[in-house]
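Undergrad: Before anything else, here's the structure in question.
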Amino acid sequence: MGIDSDLKLRTLRAMILSRTLESKFSSLYKAGKIVGGVYLGTGQEAFSASLGCSLDQDLDIFAPLIRDQAGRTAFGEPIIEATRTYLGSALGPMKGRDGNIHRGRPDQRRPAMISHLGTSVSLVAGMLMARRMKGELDGVVGATCVGDGATSTGAFHEGLNLAAVEKLPMVILVADNQFAYSTPRERQFACEKLIDRAAGYGVTGTELDATDLTACLAGVWKAVNTARSGGGPQMVVGKLLRLCGHGEHDDGSYVAAQLRESTLGRDCLEIGIHQLVEQDLTTMEEVKGWQQEATDLVQEAVATSQKEPKPDPYQEDWRAFSEEGMEA
C-alpha cells in the first residue's frame, strides 16, 4: 500500500480521536469521576498512531504502553473499551478487575499494558518466538512503543538482545520525550543519543522528529516493512517532548521553559493538520468535522460506560481470563 493519502488521513483521524478522548479523561479525572491515574499521550500521538496505522490489524502484534492511546485507536481498539476500563465497567475488556490503564485483548494480539516499563519488549519477543515455534510467524510483525526511561531496564536489554540474536520481525519505538517521569536524560544514560544503543544490539536504528507526522509515517512505515520482509528487529527513536505531566497528578514543573519553547515542544497534532491541509489531502472544514465527530463518539462512549454495572465481588469469578470456561 505504501505511504499514500489514505494512510496519512487515517493516521491524522486516529490522532484527533485520541486527543479528544484523552482530553475527556483529563476532565473526568479532575471532576473525581475516575479512580486511579490518568496518563496522557499529548504530543506523542503522531509517533504512536503512525505505528498503529502501519501495522496489519489482522496479523500483527501490538503491545501499547500508557501514552499509546493514539496507537491503540489506529490499531483498531474501540474507544468504548477505553472508557469502560477508565470508568470501571464490568463490561470492559478487563471486566473492571484491574486498574484503568492495564487493558488489552491478548486474543486479538493486543497484550494488556504492563506497568514495568521495558517488559513489553521481552513480552513481544516471546510472543514472536512462540509463533515461530508453532510455524505461524510468516509475515507477522511484533511491535511496542516505550519511553526513553525504559531503555535502561533489564527487560528492555534482554528482550531486544533476544530479538537481535534470533532476527525476529520486531519494531521497537522509543519515544525520547526527555524525561523518565521527572528524571532528565543526562541522569538516565551516558551515550550521546539513544539511537547509539541500536548498534550495540546489532539492530537497525532510525532517529526522527516525532513532532512531524510526515517524518513519523516515513520512518515507522519503513521500519515495519523492513522487519516484515526479513530485515530483523528495528529500533526507531522519536525525538519529542511530553506536553503534559507524567500523569494528570503531575504538573510537569521540572520541565524548563526553554525546552518547552524548543522545536521538541511543538504540538504534533497541529503540525499534522497543517501538513495534510498544505498537501491538499484535506481541508480545515473537513478537519473540524472530524473533531466534532470525535467529540460525539467520545461523549456517547462515556455516557454508555457510566450507566453500565460495576464488578460485583460476590458474583465475579476471579480466575485468570485464560482459565475461563475450564472446570474449577
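If you're wondering about the labels, chains in the C-alpha cells are A, B, ... by order shown, residues count from 1 in each chain, ligands from 1 in order shown.
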Contacts of Asp138 in chain A at 12 Å or less, counting only C-alpha atoms, minus same-chain residues fewer than 2 places along, as a ChimeraX atom specification?
TA: /A:59-60,128-129,131-136,140-142,168-169,227-230
Undergrad: Keeping C-alpha atoms, export the residues of the selection given above as an mmCIF file, in the first residue's frame.
TA:
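Result written to out.cif:
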data_model
loop_
_atom_site.group_PDB
_atom_site.id
_atom_site.type_symbol
_atom_site.label_atom_id
_atom_site.label_comp_id
_atom_site.auth_asym_id
_atom_site.auth_seq_id
_atom_site.Cartn_x
_atom_site.Cartn_y
_atom_site.Cartn_z
ATOM 1 C CA LEU A 59 -1.972 -10.259 11.585
ATOM 2 C CA ASP A 60 0.465 -8.253 13.702
ATOM 3 C CA LEU A 128 7.178 -13.851 18.262
ATOM 4 C CA MET A 129 9.341 -16.790 19.382
ATOM 5 C CA ARG A 131 4.785 -18.014 16.792
ATOM 6 C CA ARG A 132 7.993 -19.236 15.211
ATOM 7 C CA MET A 133 7.924 -22.468 17.209
ATOM 8 C CA LYS A 134 4.342 -23.062 16.073
ATOM 9 C CA GLY A 135 5.195 -22.264 12.464
ATOM 10 C CA GLU A 136 2.950 -19.189 12.471
ATOM 11 C CA VAL A 140 3.973 -11.260 11.174
ATOM 12 C CA VAL A 141 5.444 -8.167 12.848
ATOM 13 C CA GLY A 142 5.512 -7.615 16.603
ATOM 14 C CA LEU A 168 12.826 -11.509 14.975
ATOM 15 C CA PRO A 169 10.468 -9.290 12.927
ATOM 16 C CA ALA A 227 11.025 -6.133 9.705
ATOM 17 C CA ARG A 228 8.237 -7.875 7.813
ATOM 18 C CA SER A 229 10.489 -8.607 4.849
ATOM 19 C CA GLY A 230 13.180 -10.297 6.947
#
Undergrad: Can I get the residues of range 141-196 of chain A within 12 Å of range 246-268 of chain A, each with the closest pair of atoms and their distance in Å to one decimal, using only C-alpha atoms, sorted chain first then ascending number, as a Markdown table?
TA:
| residue | atom | partner | partner_atom | distance |
| --- | --- | --- | --- | --- |
| A:Gly147 | CA | A:His246 | CA | 11.5 |
| A:Ala175 | CA | A:Leu264 | CA | 11.8 |
| A:Asp176 | CA | A:Leu264 | CA | 10.1 |
| A:Asn177 | CA | A:Leu264 | CA | 8.4 |
| A:Gln178 | CA | A:Val255 | CA | 9.1 |
| A:Phe179 | CA | A:Val255 | CA | 8.6 |
| A:Ala180 | CA | A:His246 | CA | 8.4 |
| A:Tyr181 | CA | A:His246 | CA | 5.4 |
| A:Ser182 | CA | A:Tyr254 | CA | 6.6 |
| A:Thr183 | CA | A:Tyr254 | CA | 9.0 |
| A:Pro184 | CA | A:Val255 | CA | 8.9 |
| A:Arg185 | CA | A:Val255 | CA | 11.8 |
Undergrad: May I have all residues of range 220-277 of chain A that DSSP, computed from the backbone, assigns to strand (DSSP E), given as number ranges by chain?
TA: A: 234-239
Undergrad: Go through A:Cys191, A:Leu40, A:Ala90, A:Leu51 one by one, measure the shortest atom-to-atom distance of each to Leu213 in chain A using only C-alpha atoms, and give the residue with the smallest value.
TA: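 Looking at the shortest contact to Leu213 in chain A, the residue is A:Leu51.
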Undergrad: Just to confirm, what's the straight-line distance from CA of Leu55 in chain A to CA of Ala143 in chain A in Å (one decimal)?
TA: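 Atom-to-atom, CA of Leu55 in chain A to CA of Ala143 in chain A, that is 8.4 Å.
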Undergrad: Mind checking which residues fall within 9 Å of range 103-115 of chain A, counting only C-alpha atoms, ignoring those fewer than 4 positions away in the same chain, and posting them as a ChimeraX atom specification?
TA: /A:57-66,72,77,81-82,85,92-94,98-99,119-120,123-124
Undergrad: If you measure from CA of Asp212 in chain A to CA of Ile273 in chain A, what distance in Å do you get, rounded to one decimal?
TA: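 Computing it gives 10.4 Å between the two atoms.
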Undergrad: Please return as a PyMOL selection string: the residues of range 65-288 of chain A that backbone DSSP assigns to alpha helix (DSSP H).
TA: chain A and resi 69-74+79-86+119-133+154-166+196-201+213-228+257-260+268-278+284-288
Undergrad: Neighbouring residues of Val220 in chain A were defined as those with any atom within 9 Å, considering only C-alpha atoms; residues of the same chain fewer than 2 positions away were excluded. Please report them as a list in words.
TA: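 So the residues in contact are Phe47, Ser50, Leu51, Ser54, Val171, Leu173, Thr206, Ala215, Cys216, Leu217, Ala218, Lys222, Ala223, Val224, Asn225 and Val236 of chain A.
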Undergrad: Would you export the selected residues with N, CA and C atoms as a PDB file, in the first residue's frame, please?
TA:
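After the write, selection20.pdb holds the following:
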ATOM      1  N   PHE A  47       3.674   9.858  16.605  1.00  0.00           N
ATOM      2  CA  PHE A  47       4.593   8.722  16.700  1.00  0.00           C
ATOM      3  C   PHE A  47       3.827   7.426  16.937  1.00  0.00           C
ATOM      4  N   SER A  50       1.280   6.495  14.045  1.00  0.00           N
ATOM      5  CA  SER A  50       1.995   6.027  12.850  1.00  0.00           C
ATOM      6  C   SER A  50       2.285   4.537  12.956  1.00  0.00           C
ATOM      7  N   LEU A  51       2.592   4.079  14.160  1.00  0.00           N
ATOM      8  CA  LEU A  51       2.839   2.655  14.347  1.00  0.00           C
ATOM      9  C   LEU A  51       1.546   1.864  14.212  1.00  0.00           C
ATOM     10  N   SER A  54       0.506   1.599  10.632  1.00  0.00           N
ATOM     11  CA  SER A  54       1.447   0.885   9.761  1.00  0.00           C
ATOM     12  C   SER A  54       1.376  -0.623   9.952  1.00  0.00           C
ATOM     13  N   VAL A 171       9.553  -4.422  15.875  1.00  0.00           N
ATOM     14  CA  VAL A 171       9.761  -2.973  15.786  1.00  0.00           C
ATOM     15  C   VAL A 171       9.576  -2.379  17.173  1.00  0.00           C
ATOM     16  N   LEU A 173       9.526   1.170  19.068  1.00  0.00           N
ATOM     17  CA  LEU A 173       9.533   2.618  19.017  1.00  0.00           C
ATOM     18  C   LEU A 173       9.945   3.152  20.380  1.00  0.00           C
ATOM     19  N   THR A 206      16.861   4.041  13.629  1.00  0.00           N
ATOM     20  CA  THR A 206      16.431   5.234  12.906  1.00  0.00           C
ATOM     21  C   THR A 206      16.025   6.287  13.916  1.00  0.00           C
ATOM     22  N   ALA A 215       7.268  12.792   8.876  1.00  0.00           N
ATOM     23  CA  ALA A 215       8.513  12.105   9.226  1.00  0.00           C
ATOM     24  C   ALA A 215       8.232  10.822   9.995  1.00  0.00           C
ATOM     25  N   CYS A 216       7.246  10.874  10.885  1.00  0.00           N
ATOM     26  CA  CYS A 216       6.887   9.674  11.662  1.00  0.00           C
ATOM     27  C   CYS A 216       6.412   8.556  10.748  1.00  0.00           C
ATOM     28  N   LEU A 217       5.498   8.881   9.855  1.00  0.00           N
ATOM     29  CA  LEU A 217       4.964   7.865   8.951  1.00  0.00           C
ATOM     30  C   LEU A 217       6.055   7.278   8.064  1.00  0.00           C
ATOM     31  N   ALA A 218       6.938   8.133   7.546  1.00  0.00           N
ATOM     32  CA  ALA A 218       8.005   7.650   6.670  1.00  0.00           C
ATOM     33  C   ALA A 218       8.932   6.694   7.413  1.00  0.00           C
ATOM     34  N   LYS A 222       8.634   2.409   7.083  1.00  0.00           N
ATOM     35  CA  LYS A 222       9.814   1.724   6.572  1.00  0.00           C
ATOM     36  C   LYS A 222      10.298   0.656   7.550  1.00  0.00           C
ATOM     37  N   ALA A 223      10.309   0.988   8.845  1.00  0.00           N
ATOM     38  CA  ALA A 223      10.763   0.028   9.854  1.00  0.00           C
ATOM     39  C   ALA A 223       9.868  -1.203   9.896  1.00  0.00           C
ATOM     40  N   VAL A 224       8.545  -0.998   9.855  1.00  0.00           N
ATOM     41  CA  VAL A 224       7.608  -2.118   9.897  1.00  0.00           C
ATOM     42  C   VAL A 224       7.791  -3.021   8.683  1.00  0.00           C
ATOM     43  N   ASN A 225       7.924  -2.439   7.521  1.00  0.00           N
ATOM     44  CA  ASN A 225       8.045  -3.248   6.317  1.00  0.00           C
ATOM     45  C   ASN A 225       9.419  -3.898   6.174  1.00  0.00           C
ATOM     46  N   VAL A 236      13.272   2.505  16.366  1.00  0.00           N
ATOM     47  CA  VAL A 236      13.014   3.859  15.879  1.00  0.00           C
ATOM     48  C   VAL A 236      12.915   4.791  17.077  1.00  0.00           C
TER      49      VAL A 236
END
Undergrad: Would you mind listing what lies within 8 Å of Gly118 in chain A as a list of chain:residue names, with only C-alpha atoms counted and same-chain residues fewer than 6 positions away left out?
TA: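 In the requested format, the answer is A:Val146, A:Ala150, A:Thr151, A:Thr153, A:Gly154, A:Ala155, A:Phe156.
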Undergrad: Residues of the last selection are to be written out with N, CA and C atoms, as a PDB file, in the first residue's frame.
TA:
ATOM      1  N   VAL A 146       7.985   2.245  23.717  1.00  0.00           N
ATOM      2  CA  VAL A 146       8.424   2.508  25.088  1.00  0.00           C
ATOM      3  C   VAL A 146       8.993   3.922  25.178  1.00  0.00           C
ATOM      4  N   ALA A 150      12.604   3.488  29.751  1.00  0.00           N
ATOM      5  CA  ALA A 150      12.501   2.031  29.635  1.00  0.00           C
ATOM      6  C   ALA A 150      13.751   1.411  29.029  1.00  0.00           C
ATOM      7  N   THR A 151      14.523   2.191  28.266  1.00  0.00           N
ATOM      8  CA  THR A 151      15.714   1.638  27.617  1.00  0.00           C
ATOM      9  C   THR A 151      16.822   1.326  28.612  1.00  0.00           C
ATOM     10  N   THR A 153      16.201  -0.417  31.399  1.00  0.00           N
ATOM     11  CA  THR A 153      15.752  -1.556  32.207  1.00  0.00           C
ATOM     12  C   THR A 153      16.320  -2.878  31.695  1.00  0.00           C
ATOM     13  N   GLY A 154      16.379  -3.850  32.586  1.00  0.00           N
ATOM     14  CA  GLY A 154      16.879  -5.163  32.211  1.00  0.00           C
ATOM     15  C   GLY A 154      15.998  -5.863  31.202  1.00  0.00           C
ATOM     16  N   ALA A 155      14.679  -5.686  31.334  1.00  0.00           N
ATOM     17  CA  ALA A 155      13.752  -6.353  30.420  1.00  0.00           C
ATOM     18  C   ALA A 155      13.931  -5.837  28.997  1.00  0.00           C
ATOM     19  N   PHE A 156      14.187  -4.541  28.849  1.00  0.00           N
ATOM     20  CA  PHE A 156      14.440  -3.970  27.531  1.00  0.00           C
ATOM     21  C   PHE A 156      15.685  -4.611  26.928  1.00  0.00           C
TER      22      PHE A 156
END
Undergrad: Near range 274-276 of chain A, counting only C-alpha atoms, which residues have an atom at most 12 Å away, once you skip same-chain residues fewer than 3 positions from it, shown as a VMD selection string?
TA: chain A and resid 4 to 13 211 to 215 267 to 271 279 to 284 286 to 287
Undergrad: Write out, as a JSON list (two decimals), in the first residue's frame, the residues just selected, with N, CA and C atoms.
TA:
[["chain", "number", "residue", "atom", "x", "y", "z"],
["A", 4, "ASP", "N", 0.43, 6.31, 1.27],
["A", 4, "ASP", "CA", -0.47, 7.03, 0.38],
["A", 4, "ASP", "C", -1.35, 7.98, 1.17],
["A", 5, "SER", "N", -2.23, 8.67, 0.50],
["A", 5, "SER", "CA", -3.08, 9.66, 1.16],
["A", 5, "SER", "C", -4.00, 9.01, 2.19],
["A", 6, "ASP", "N", -4.47, 7.79, 1.91],
["A", 6, "ASP", "CA", -5.36, 7.11, 2.84],
["A", 6, "ASP", "C", -4.67, 6.85, 4.17],
["A", 7, "LEU", "N", -3.42, 6.40, 4.12],
["A", 7, "LEU", "CA", -2.67, 6.12, 5.35],
["A", 7, "LEU", "C", -2.47, 7.41, 6.14],
["A", 8, "LYS", "N", -2.15, 8.49, 5.48],
["A", 8, "LYS", "CA", -1.94, 9.77, 6.17],
["A", 8, "LYS", "C", -3.23, 10.24, 6.83],
["A", 9, "LEU", "N", -4.33, 10.13, 6.12],
["A", 9, "LEU", "CA", -5.60, 10.60, 6.66],
["A", 9, "LEU", "C", -6.08, 9.73, 7.81],
["A", 10, "ARG", "N", -5.90, 8.41, 7.69],
["A", 10, "ARG", "CA", -6.28, 7.51, 8.79],
["A", 10, "ARG", "C", -5.47, 7.81, 10.04],
["A", 11, "THR", "N", -4.19, 8.11, 9.84],
["A", 11, "THR", "CA", -3.33, 8.41, 10.98],
["A", 11, "THR", "C", -3.75, 9.71, 11.66],
["A", 12, "LEU", "N", -4.03, 10.73, 10.87],
["A", 12, "LEU", "CA", -4.46, 12.01, 11.44],
["A", 12, "LEU", "C", -5.79, 11.86, 12.18],
["A", 13, "ARG", "N", -6.71, 11.11, 11.62],
["A", 13, "ARG", "CA", -8.01, 10.94, 12.28],
["A", 13, "ARG", "C", -7.87, 10.17, 13.59],
["A", 211, "THR", "N", 7.63, 15.10, 16.28],
["A", 211, "THR", "CA", 6.58, 16.12, 16.24],
["A", 211, "THR", "C", 6.06, 16.30, 14.81],
["A", 212, "ASP", "N", 6.72, 15.64, 13.87],
["A", 212, "ASP", "CA", 6.43, 15.79, 12.43],
["A", 212, "ASP", "C", 5.70, 14.53, 11.95],
["A", 213, "LEU", "N", 4.41, 14.65, 11.63],
["A", 213, "LEU", "CA", 3.62, 13.49, 11.22],
["A", 213, "LEU", "C", 4.20, 12.82, 9.97],
["A", 214, "THR", "N", 4.57, 13.61, 8.98],
["A", 214, "THR", "CA", 5.12, 13.04, 7.75],
["A", 214, "THR", "C", 6.40, 12.26, 8.02],
["A", 215, "ALA", "N", 7.27, 12.79, 8.88],
["A", 215, "ALA", "CA", 8.51, 12.10, 9.23],
["A", 215, "ALA", "C", 8.23, 10.82, 9.99],
["A", 267, "ASP", "N", 3.46, 20.91, 18.92],
["A", 267, "ASP", "CA", 2.31, 20.01, 19.01],
["A", 267, "ASP", "C", 2.17, 19.24, 17.70],
["A", 268, "CYS", "N", 2.38, 17.94, 17.76],
["A", 268, "CYS", "CA", 2.36, 17.11, 16.55],
["A", 268, "CYS", "C", 0.99, 17.11, 15.87],
["A", 269, "LEU", "N", -0.07, 17.30, 16.65],
["A", 269, "LEU", "CA", -1.41, 17.31, 16.04],
["A", 269, "LEU", "C", -1.60, 18.56, 15.20],
["A", 270, "GLU", "N", -1.20, 19.69, 15.72],
["A", 270, "GLU", "CA", -1.29, 20.93, 14.95],
["A", 270, "GLU", "C", -0.45, 20.85, 13.68],
["A", 271, "ILE", "N", 0.75, 20.31, 13.83],
["A", 271, "ILE", "CA", 1.64, 20.18, 12.67],
["A", 271, "ILE", "C", 1.06, 19.21, 11.65],
["A", 279, "GLN", "N", -0.83, 19.76, 1.87],
["A", 279, "GLN", "CA", -0.67, 18.78, 0.80],
["A", 279, "GLN", "C", -1.97, 18.57, 0.03],
["A", 280, "ASP", "N", -3.00, 19.34, 0.34],
["A", 280, "ASP", "CA", -4.30, 19.25, -0.32],
["A", 280, "ASP", "C", -4.96, 17.88, -0.13],
["A", 281, "LEU", "N", -4.67, 17.24, 0.98],
["A", 281, "LEU", "CA", -5.30, 15.95, 1.29],
["A", 281, "LEU", "C", -6.59, 16.12, 2.07],
["A", 282, "THR", "N", -6.73, 17.29, 2.69],
["A", 282, "THR", "CA", -7.94, 17.59, 3.44],
["A", 282, "THR", "C", -8.08, 19.11, 3.53],
["A", 283, "THR", "N", -9.14, 19.54, 4.20],
["A", 283, "THR", "CA", -9.37, 20.97, 4.41],
["A", 283, "THR", "C", -9.64, 21.21, 5.89],
["A", 284, "MET", "N", -9.53, 22.46, 6.33],
["A", 284, "MET", "CA", -9.81, 22.78, 7.72],
["A", 284, "MET", "C", -11.28, 22.51, 8.04],
["A", 286, "GLU", "N", -13.09, 20.10, 6.79],
["A", 286, "GLU", "CA", -13.21, 18.66, 6.99],
["A", 286, "GLU", "C", -12.61, 18.25, 8.33],
["A", 287, "VAL", "N", -11.49, 18.85, 8.69],
["A", 287, "VAL", "CA", -10.85, 18.55, 9.98],
["A", 287, "VAL", "C", -11.79, 18.90, 11.13]]
